[in-house]
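Structure file model29.tsv (TSV, C-alpha atoms) follows.
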chain	number	residue	atom	x	y	z
A	1	MET	CA	161.08	54.63	38.88
A	2	THR	CA	158.79	54.75	41.90
A	3	TYR	CA	158.90	56.35	45.33
A	4	GLN	CA	158.65	53.68	48.02
A	5	ILE	CA	157.33	53.97	51.56
A	6	PHE	CA	157.34	50.98	53.89
A	7	VAL	CA	154.78	50.69	56.71
A	8	LEU	CA	155.63	48.56	59.78
A	9	ASP	CA	153.51	47.73	62.81
A	10	VAL	CA	156.40	47.08	65.19
A	11	ASP	CA	154.19	47.44	68.30
A	12	SER	CA	152.12	44.37	67.37
A	13	ASP	CA	154.86	42.11	66.04
A	14	THR	CA	154.97	38.58	67.42
A	15	ARG	CA	157.11	35.49	67.06
A	16	ASN	CA	155.79	32.10	68.21
A	17	GLY	CA	152.94	33.89	69.94
A	18	ASN	CA	155.20	36.24	71.91
A	19	ILE	CA	155.51	39.99	71.44
A	20	VAL	CA	158.76	41.02	69.76
A	21	ALA	CA	160.31	44.12	71.32
A	22	TRP	CA	161.82	46.01	68.41
A	23	LEU	CA	164.49	48.45	69.58
A	24	VAL	CA	165.17	50.69	66.60
A	25	TYR	CA	167.73	53.39	67.40
A	26	THR	CA	170.19	53.45	64.51
A	27	GLU	CA	170.11	53.28	60.73
A	28	GLU	CA	171.38	49.70	60.96
A	29	HIS	CA	168.44	48.85	63.22
A	30	VAL	CA	166.11	50.37	60.62
A	31	LYS	CA	167.60	48.20	57.87
A	32	SER	CA	167.25	45.11	60.05
A	33	ALA	CA	163.59	45.87	60.83
A	34	VAL	CA	162.74	46.60	57.20
A	35	ASN	CA	164.45	43.39	56.08
A	36	ASN	CA	162.58	41.36	58.70
A	37	PHE	CA	159.20	42.85	57.78
A	38	SER	CA	159.96	42.30	54.08
A	39	GLU	CA	160.42	38.53	54.34
A	40	VAL	CA	158.02	36.85	51.94
A	41	GLY	CA	155.99	34.07	53.51
A	42	THR	CA	155.48	35.81	56.86
A	43	PRO	CA	152.18	37.68	56.45
A	44	PRO	CA	150.90	40.11	59.09
A	45	ASN	CA	149.46	38.66	62.27
A	46	GLY	CA	145.82	39.39	63.10
A	47	GLN	CA	146.38	42.69	64.87
A	48	GLN	CA	148.87	43.94	62.28
A	49	GLN	CA	146.37	43.11	59.54
A	50	LEU	CA	143.62	45.05	61.30
A	51	ARG	CA	145.77	48.14	61.78
A	52	LEU	CA	147.08	48.10	58.21
A	53	ASN	CA	143.51	47.64	56.96
A	54	ARG	CA	142.49	50.68	58.97
A	55	LEU	CA	145.34	52.70	57.50
A	56	ALA	CA	144.36	51.73	53.95
A	57	TYR	CA	140.71	52.57	54.65
A	58	ARG	CA	141.59	55.99	56.05
A	59	LEU	CA	144.02	56.75	53.23
A	60	LEU	CA	141.23	56.14	50.74
A	61	GLN	CA	139.06	58.65	52.57
A	62	LEU	CA	141.78	61.25	52.01
A	63	LEU	CA	142.99	60.04	48.62
A	64	PRO	CA	140.11	58.28	46.80
A	65	LEU	CA	140.71	55.30	44.55
A	66	SER	CA	140.12	57.55	41.54
A	67	ASP	CA	143.17	59.61	42.53
A	68	PRO	CA	146.07	58.95	40.13
A	69	ILE	CA	148.29	58.38	43.16
A	70	TRP	CA	147.05	54.77	43.33
A	71	GLY	CA	147.43	53.96	39.66
A	72	GLY	CA	144.13	52.09	39.81
A	73	GLN	CA	145.41	49.72	42.53
A	74	ASP	CA	143.16	49.46	45.60
A	75	PRO	CA	145.32	49.74	48.76
A	76	ARG	CA	142.80	47.67	50.71
A	77	ALA	CA	143.29	44.78	48.29
A	78	ALA	CA	147.05	45.22	48.60
A	79	VAL	CA	146.88	44.91	52.38
A	80	LYS	CA	144.52	41.94	52.20
A	81	SER	CA	146.94	39.99	49.99
A	82	LEU	CA	150.14	40.84	51.88
A	83	GLN	CA	152.69	38.04	52.14
A	84	THR	CA	155.02	40.15	54.26
A	85	LYS	CA	154.50	41.72	57.69
A	86	GLY	CA	155.13	45.18	56.27
A	87	TRP	CA	153.27	47.06	53.56
A	88	LEU	CA	155.34	48.50	50.72
A	89	ILE	CA	153.59	51.43	49.03
A	90	SER	CA	154.99	52.49	45.66
A	91	VAL	CA	153.86	55.70	43.97
A	92	ALA	CA	155.13	57.90	41.18
A	93	PRO	CA	157.70	60.42	42.50
A	94	GLU	CA	155.42	63.36	41.73
A	95	HIS	CA	152.83	61.96	44.18
A	96	ALA	CA	155.25	61.24	47.02
A	97	GLU	CA	154.71	64.47	48.96
A	98	ARG	CA	150.91	64.13	48.91
A	99	LEU	CA	151.17	60.56	50.13
A	100	LEU	CA	153.52	61.53	52.94
A	101	ARG	CA	151.26	64.41	54.01
A	102	ALA	CA	148.36	61.96	54.24
A	103	ILE	CA	150.10	58.97	55.76
A	104	LEU	CA	152.29	60.56	58.43
A	105	PRO	CA	149.45	61.89	60.66
A	106	LEU	CA	147.54	58.62	60.29
A	107	ALA	CA	150.61	56.55	61.12
A	108	ARG	CA	151.26	58.76	64.13
A	109	HIS	CA	147.74	58.22	65.47
A	110	LEU	CA	147.66	54.49	64.66
A	111	ARG	CA	151.18	53.85	66.05
A	112	LEU	CA	152.53	52.58	62.73
A	113	ALA	CA	156.18	53.08	61.80
A	114	ILE	CA	157.11	54.56	58.42
A	115	ALA	CA	160.38	53.94	56.58
A	116	ASP	CA	160.97	56.26	53.62
A	117	LEU	CA	163.15	54.07	51.43
A	118	GLN	CA	164.18	57.01	49.25
A	119	THR	CA	165.42	59.42	51.91
A	120	GLY	CA	166.32	56.81	54.53
A	121	ILE	CA	164.17	58.59	57.13
A	122	TYR	CA	162.48	56.35	59.70
A	123	PHE	CA	159.56	57.51	61.84
A	124	GLU	CA	158.16	55.47	64.75
A	125	PRO	CA	155.42	56.99	66.91
A	126	ASN	CA	155.30	56.05	70.56
A	127	GLU	CA	155.40	58.02	73.79
A	128	GLU	CA	158.07	59.95	71.95
A	129	ASN	CA	158.03	60.37	68.19
A	130	LYS	CA	161.22	58.61	67.17
A	131	VAL	CA	162.90	59.95	64.03
A	132	ILE	CA	166.07	58.46	62.55
A	133	PRO	CA	168.20	60.38	61.86
A	134	GLU	CA	167.09	62.88	64.52
A	135	ALA	CA	168.04	65.79	62.27
A	136	ALA	CA	165.19	64.80	59.94
A	137	LEU	CA	162.45	65.80	62.42
A	138	PRO	CA	162.00	69.31	60.90
A	139	THR	CA	161.60	67.71	57.46
A	140	LEU	CA	158.76	65.52	58.74
A	141	GLN	CA	157.18	68.44	60.60
A	142	VAL	CA	156.85	70.30	57.30
A	143	LEU	CA	154.81	67.35	56.00
A	144	ASP	CA	152.94	66.83	59.30
A	145	PRO	CA	152.78	70.20	61.11
A	146	ASP	CA	151.11	68.67	64.19
A	147	MET	CA	154.00	66.29	64.82
A	148	LYS	CA	155.67	67.01	68.15
A	149	PRO	CA	158.68	65.41	69.83
A	150	ARG	CA	156.28	63.76	72.31
A	151	ASN	CA	152.74	62.47	71.93
A	152	LYS	CA	150.17	63.68	74.45
A	153	PRO	CA	148.05	60.66	75.39
A	154	LEU	CA	144.34	60.72	76.07
A	155	THR	CA	143.27	60.46	79.70
A	156	LYS	CA	140.62	58.01	80.90
A	157	ALA	CA	138.22	60.88	81.48
A	158	GLN	CA	138.76	62.08	77.90
A	159	ILE	CA	138.20	58.56	76.60
A	160	TYR	CA	134.90	58.05	78.42
A	161	GLU	CA	133.54	61.48	77.51
A	162	GLY	CA	134.86	61.21	73.97
A	163	PHE	CA	132.97	57.98	73.42
A	164	ALA	CA	129.87	59.43	75.05
A	165	GLU	CA	129.90	62.39	72.67
A	166	ARG	CA	130.24	60.08	69.66
A	167	LEU	CA	127.69	57.49	70.76
A	168	VAL	CA	124.87	59.44	72.38
A	169	ALA	CA	123.05	60.58	69.21
A	170	PRO	CA	123.30	57.39	67.10
A	171	LEU	CA	122.41	55.21	70.09
A	172	ALA	CA	119.44	57.44	70.96
A	173	ALA	CA	118.11	56.71	67.47
A	174	LEU	CA	118.21	53.01	68.43
A	175	GLY	CA	116.32	53.60	71.68
A	176	PHE	CA	119.30	53.79	74.06
A	177	SER	CA	119.80	56.40	76.75
A	178	ARG	CA	122.92	57.11	78.76
A	179	TYR	CA	122.75	56.19	82.42
A	180	ASP	CA	124.91	56.80	85.47
A	181	PRO	CA	126.15	53.58	87.12
A	182	GLY	CA	127.17	55.49	90.23
A	183	TYR	CA	130.89	55.76	89.59
A	184	SER	CA	133.03	58.02	87.48
A	185	PRO	CA	134.34	58.15	84.82
A	186	SER	CA	131.88	55.96	82.96
A	187	CYS	CA	130.15	55.62	79.62
A	188	LYS	CA	127.13	53.30	79.63
A	189	PHE	CA	123.93	53.20	77.60
A	190	ARG	CA	120.80	51.10	78.09
A	191	ARG	CA	117.67	50.16	76.19
A	192	GLU	CA	114.86	48.32	78.01
A	193	GLN	CA	112.05	46.65	76.11
A	194	ASN	CA	109.74	43.66	76.75
A	195	GLY	CA	111.68	42.47	79.77
A	196	VAL	CA	115.03	42.65	77.99
A	197	CYS	CA	117.72	45.21	78.80
A	198	CYS	CA	120.49	45.82	76.26
A	199	GLU	CA	123.55	47.61	77.56
A	200	LEU	CA	126.48	49.13	75.73
A	201	SER	CA	129.42	49.99	77.96
A	202	VAL	CA	132.91	51.37	77.43
A	203	MET	CA	135.72	49.99	79.58
A	204	SER	CA	139.15	51.61	79.59
A	205	GLU	CA	142.28	50.36	81.30
A	206	GLY	CA	146.05	50.35	81.00
A	207	ARG	CA	148.98	52.66	81.54
A	208	PRO	CA	148.67	56.38	80.67
A	209	HIS	CA	150.52	56.12	77.34
A	210	ASN	CA	148.91	52.80	76.38
A	211	LEU	CA	145.29	53.04	77.42
A	212	SER	CA	142.89	50.58	75.86
A	213	ALA	CA	139.14	50.72	75.41
A	214	LYS	CA	136.68	47.92	74.76
A	215	ILE	CA	133.01	48.40	73.99
A	216	LYS	CA	130.84	45.58	75.35
A	217	PHE	CA	127.31	44.63	74.36
A	218	ASN	CA	125.39	42.90	77.17
A	219	VAL	CA	121.85	41.55	77.23
A	220	TYR	CA	119.91	41.03	80.48
A	221	SER	CA	116.60	39.12	80.57
A	222	GLU	CA	113.88	39.15	83.24
A	223	ARG	CA	112.77	35.71	82.07
A	224	ALA	CA	116.28	34.34	82.50
A	225	GLY	CA	116.53	35.90	85.96
A	226	MET	CA	113.35	34.17	87.09
A	227	LEU	CA	114.61	30.86	85.70
A	228	ARG	CA	117.90	31.25	87.55
A	229	ALA	CA	116.15	31.91	90.86
A	230	LYS	CA	113.84	28.90	90.37
A	231	ALA	CA	116.76	26.61	89.46
A	232	GLU	CA	118.69	27.65	92.57
A	233	GLN	CA	115.68	26.78	94.69
A	234	ASP	CA	115.03	23.45	92.97
A	235	LEU	CA	118.60	22.25	92.50
A	236	LEU	CA	120.52	23.87	95.33
A	237	GLY	CA	117.85	24.26	97.96
A	238	VAL	CA	118.35	28.01	98.18
A	239	PRO	CA	115.46	29.77	99.96
A	240	ALA	CA	113.34	31.85	97.61
A	241	GLU	CA	114.24	35.10	99.36
A	242	LYS	CA	117.96	34.40	98.89
A	243	ALA	CA	117.90	33.04	95.35
A	244	SER	CA	119.90	34.98	92.77
A	245	HIS	CA	118.12	36.68	89.91
A	246	PHE	CA	121.32	36.85	87.87
A	247	ASN	CA	120.13	37.51	84.33
A	248	LEU	CA	123.09	38.28	82.03
A	249	VAL	CA	122.45	36.13	78.97
A	250	VAL	CA	124.76	37.70	76.36
A	251	SER	CA	128.13	39.42	76.72
A	252	LEU	CA	129.97	40.15	73.49
A	253	PRO	CA	132.50	42.70	72.23
A	254	ALA	CA	130.96	45.44	70.11
A	255	ALA	CA	134.43	46.84	69.39
A	256	GLY	CA	138.00	46.27	70.52
A	257	GLU	CA	138.08	42.51	69.98
A	258	VAL	CA	137.55	40.11	67.11
A	259	TRP	CA	136.89	36.42	67.72
A	260	THR	CA	138.06	34.20	64.88
A	261	LYS	CA	136.38	30.96	63.83
A	262	THR	CA	139.12	29.04	65.61
A	263	GLY	CA	138.34	30.79	68.90
A	264	GLN	CA	141.38	33.08	68.75
A	265	THR	CA	140.98	36.59	70.12
A	266	ILE	CA	142.45	39.50	68.18
A	267	SER	CA	142.50	42.76	70.12
A	268	TYR	CA	142.72	46.19	68.54
A	269	ASP	CA	141.65	48.05	71.65
A	270	PHE	CA	144.35	50.70	72.04
A	271	CYS	CA	142.80	54.12	72.54
A	272	ARG	CA	145.73	56.50	72.56
A	273	SER	CA	144.43	58.98	70.00
A	274	ILE	CA	141.25	60.43	68.54
A	275	GLU	CA	141.86	58.32	65.43
A	276	GLU	CA	141.76	55.10	67.45
A	277	MET	CA	138.68	56.31	69.34
A	278	ASN	CA	136.91	57.04	66.06
A	279	TRP	CA	137.87	53.60	64.77
A	280	LEU	CA	136.36	51.80	67.78
A	281	THR	CA	133.24	53.97	67.60
A	282	GLU	CA	132.71	53.22	63.91
A	283	VAL	CA	133.03	49.47	64.46
A	284	ALA	CA	130.58	49.52	67.37
A	285	LEU	CA	127.99	51.51	65.43
A	286	GLN	CA	128.26	49.05	62.55
A	287	ARG	CA	127.67	46.04	64.81
A	288	VAL	CA	125.17	47.26	67.39
A	289	PRO	CA	122.04	47.51	65.16
A	290	THR	CA	122.38	43.84	64.18
A	291	MET	CA	123.13	42.74	67.74
A	292	LEU	CA	120.18	44.76	69.00
A	293	LYS	CA	117.80	43.18	66.50
A	294	LEU	CA	118.99	39.70	67.44
A	295	SER	CA	118.42	40.40	71.14
A	296	ASP	CA	114.69	40.77	70.49
A	297	SER	CA	114.08	37.04	69.99
A	298	ILE	CA	115.08	33.69	71.46
A	299	ALA	CA	116.52	32.58	68.13
A	300	GLY	CA	118.52	35.81	68.01
A	301	ILE	CA	119.88	35.27	71.52
A	302	ASN	CA	121.06	31.84	70.41
A	303	THR	CA	122.74	33.36	67.37
A	304	LEU	CA	124.58	35.84	69.59
A	305	ASN	CA	125.56	33.13	72.06
A	306	ARG	CA	126.88	30.96	69.27
A	307	GLU	CA	129.72	33.49	68.97
A	308	TYR	CA	130.45	33.04	72.67
A	309	LEU	CA	130.26	29.25	72.57
A	310	ARG	CA	132.61	29.12	69.58
A	311	LYS	CA	135.23	30.94	71.62
A	312	PHE	CA	134.53	29.14	74.88
A	313	SER	CA	133.63	25.70	73.56
A	314	THR	CA	134.62	24.00	76.82
A	315	THR	CA	133.22	26.33	79.45
A	316	GLN	CA	133.23	25.17	83.03
A	317	ASN	CA	130.38	22.95	84.13
A	318	SER	CA	128.28	24.96	86.55
A	319	LEU	CA	124.84	26.44	87.08
A	320	GLY	CA	126.12	29.23	84.85
A	321	GLN	CA	125.52	26.88	81.90
A	322	LEU	CA	121.79	27.09	82.63
A	323	PHE	CA	121.07	29.89	80.17
A	324	ASP	CA	122.94	28.18	77.33
A	325	TYR	CA	120.74	25.10	77.74
A	326	ALA	CA	117.53	27.04	78.37
A	327	TYR	CA	117.70	29.22	75.29
A	328	LEU	CA	118.45	26.28	73.03
A	329	ILE	CA	115.41	24.44	74.39
A	330	TRP	CA	113.18	27.52	74.28
A	331	GLY	CA	114.32	28.12	70.72
A	332	ASN	CA	113.44	24.52	69.77
A	333	GLN	CA	117.07	23.95	68.82
A	334	LEU	CA	117.06	20.59	70.52
A	335	ALA	CA	119.83	19.00	68.46
A	336	GLU	CA	122.18	21.82	69.43
A	337	PHE	CA	121.12	21.44	73.06
A	338	GLU	CA	121.98	17.74	73.00
A	339	GLU	CA	125.31	18.45	71.31
A	340	LEU	CA	126.27	21.04	73.93
A	341	ALA	CA	125.09	18.77	76.74
A	342	ALA	CA	127.19	15.88	75.41
A	343	ARG	CA	130.23	18.12	75.17
A	344	GLN	CA	129.84	19.28	78.74
A	345	LEU	CA	129.28	15.76	80.06
A	346	ALA	CA	132.41	14.61	78.24
A	347	ARG	CA	134.36	17.43	79.82
A	348	GLN	CA	133.11	16.47	83.27
A	349	ARG	CA	134.13	12.84	82.74
A	350	GLU	CA	137.50	13.89	81.33
A	351	THR	CA	138.40	16.25	84.16
A	352	GLY	CA	136.68	14.38	86.96
A	353	SER	CA	135.57	17.73	88.32
A	354	THR	CA	132.09	19.16	88.68
A	355	TYR	CA	133.25	22.69	89.52
A	356	GLY	CA	130.93	22.55	92.50
A	357	PHE	CA	127.92	21.31	90.56
A	358	ASP	CA	126.90	18.14	88.74
A	359	VAL	CA	126.22	19.14	85.14
A	360	GLU	CA	124.28	15.92	84.52
A	361	LYS	CA	121.73	17.02	87.10
A	362	LEU	CA	121.43	20.42	85.43
A	363	ILE	CA	120.92	18.87	81.99
A	364	ALA	CA	118.22	16.54	83.32
A	365	TYR	CA	116.53	19.47	85.05
A	366	CYS	CA	116.42	21.45	81.82
A	367	ARG	CA	115.07	18.47	79.87
A	368	ASP	CA	112.32	17.87	82.43
A	369	THR	CA	111.19	21.42	83.16
A	370	LEU	CA	111.77	23.48	80.01
A	371	LYS	CA	109.73	23.33	76.82
A	372	PRO	CA	110.23	24.81	73.35
A	373	ASP	CA	108.83	28.33	73.13
A	374	PRO	CA	110.45	29.89	70.05
A	375	ASP	CA	107.99	32.79	69.87
A	376	GLY	CA	108.19	33.65	73.56
A	377	LEU	CA	109.88	36.68	75.08
A	378	PRO	CA	113.64	36.33	75.31

Translate the structure described by the file into structure tokens.
Amino acid sequence: MTYQIFVLDVDSDTRNGNIVAWLVYTEEHVKSAVNNFSEVGTPPNGQQQLRLNRLAYRLLQLLPLSDPIWGGQDPRAAVKSLQTKGWLISVAPEHAERLLRAILPLARHLRLAIADLQTGIYFEPNEENKVIPEAALPTLQVLDPDMKPRNKPLTKAQIYEGFAERLVAPLAALGFSRYDPGYSPSCKFRREQNGVCCELSVMSEGRPHNLSAKIKFNVYSERAGMLRAKAEQDLLGVPAEKASHFNLVVSLPAAGEVWTKTGQTISYDFCRSIEEMNWLTEVALQRVPTMLKLSDSIAGINTLNREYLRKFSTTQNSLGQLFDYAYLIWGNQLAEFEELAARQLARQRETGSTYGFDVEKLIAYCRDTLKPDPDGLP
């Protein structure tokens, strides 16, 4: 006999691409939700998978794999192979209390619902911590003493300063320093080197109880800015004193979004608790060193931009495409340049629109004026 706990991410559930609003208020509703999330052949969607992965990872920090509670079964592997939207955790009855003491606070902070299949108690964290039956709240509070009837959300100011506290030291070790953009609240860091500025910025938005936070990694290049100004003069006839030195060459998520190989975006950017803030911080600090190293070379810039072009494989034809072409030519990746150029020309022919600029003219300009320079400054 085992003790079974079922984990459901009702907040992120979708059907045919649309969010499903689960209204669980009675024991019958609980049974319906558990049955739905137990259907074999309907694995978790991308966001559900990410949040269940995070739960498994954090549980292992509290209850290591060597703990007899797992019986030698890695919970991360269990989540990875799920064929149902929910995660059924089975443990020996003598381990049930320890599991509940570990999982309830994590579920509360990650907004994951818990159905205790032995006691029939259902817990769903939201603006209010929903417990069915309501009389079971004291029982759960014994297992999770910090559980309150209502959750107190983080404010935007707390989010920005919380990220700043977590990022300032590790980013300083990478050469970043925090800077003030002139508005508040904010959390931005910059590193400038050899004409390239790398920027890490936190952006928070949303309603008070559902604030999100994304961490963006941007790269700005003096060389690209000079090219943009010259192209505006040559192609658009803009006077030199009015030409734009726009120089953003890379803009990618460091945390809060995942881009799949098919171009799909999976967001996990809620920042309603310290747990979610720590999660986003950990992901960013794992990614940034690699992104930073890539930003130091033309080949690296092209590697970073390949992520962008995979997501936006049919970007609008405009002078904004200049940097995509330029870096491929500078990097001596001429076959990729021709492939991208052909794709953009096909799009222009297909749509009959130039979006205010003839892409064929831009491609010819890049072919005629730019030369391979793979070892040059990015």

Distance query Arg287 in chain A at most 10 Å, all atoms listed in the file, self and fewer than 4 positions along chain excluded, as a list in words: Phe217, Pro253, Ala254, Ala255, Glu282, Val283, Met291 and Leu292 of chain A

Using all atoms listed in the file, determine which residues lie at most 9 Å from range 227-240 of chain A, disregarding the query and same-chain residues fewer than 4 positions distant; provide the list as a ChimeraX atom specification. /A:222-223,244-247,319-320,322-323,326,361-362,365

Just checking: using all atoms listed in the file, which residue out of A:Val7, A:Val30, A:Ile274, A:Ile69 ends up closest to Lys130 in chain A? A:Val30

Name the residues in contact with Val250 in chain A at a cut-off of 8 Å, using all atoms listed in the file, excluding same-chain residues fewer than 5 positions from it; report them as a compact mmCIF listing (two decimals) with C-alpha atoms, in the frame of the given file.
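As a result, out31.txt now contains:
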# COMPACT_ATOMS: atom_id res chain seq x y z
CA PHE A 217 127.31 44.63 74.36
CA ASN A 218 125.39 42.90 77.17
CA VAL A 219 121.85 41.55 77.23
CA TYR A 220 119.91 41.03 80.48
CA ILE A 301 119.88 35.27 71.52
CA LEU A 304 124.58 35.84 69.59
CA ASN A 305 125.56 33.13 72.06

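Atom pair CA of Glu339 in chain A / CA of Pro374 in chain A has a distance of 18.8 Å (rounded to one decimal).
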
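Across the structure, CA of Phe37 in chain A and CA of Thr84 in chain A are spaced 6.1 Å apart.
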
Length of the CA of Glu360 in chain A to CA of Ala342 in chain A vector [Å]: 9.6 Å

All residues 12 Å or closer to Leu174 in chain A, only C-alpha atoms, same chain fewer than 6 positions away omitted, as a ChimeraX atom specification: /A:167-168,189-193,198-200,285,288-293

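Minimum atom-to-atom distances from A:Glu350, A:Glu275, A:Glu134, A:Glu97 to Leu154 in chain A were compared using only C-alpha atoms, and the lowest value belongs to A:Glu275.
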
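Among the candidates A:Asn194, A:Thr351, A:Ser204, A:Thr281, the one nearest to Asp296 in chain A when counting all atoms listed in the file is A:Asn194.
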
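Residues in contact with Ala92 in chain A at up to 7 Å, not including ones fewer than 2 positions away on its chain and judged by all atoms listed in the file, are Thr2, Tyr3, Glu94, His95 and Ala96 of chain A.
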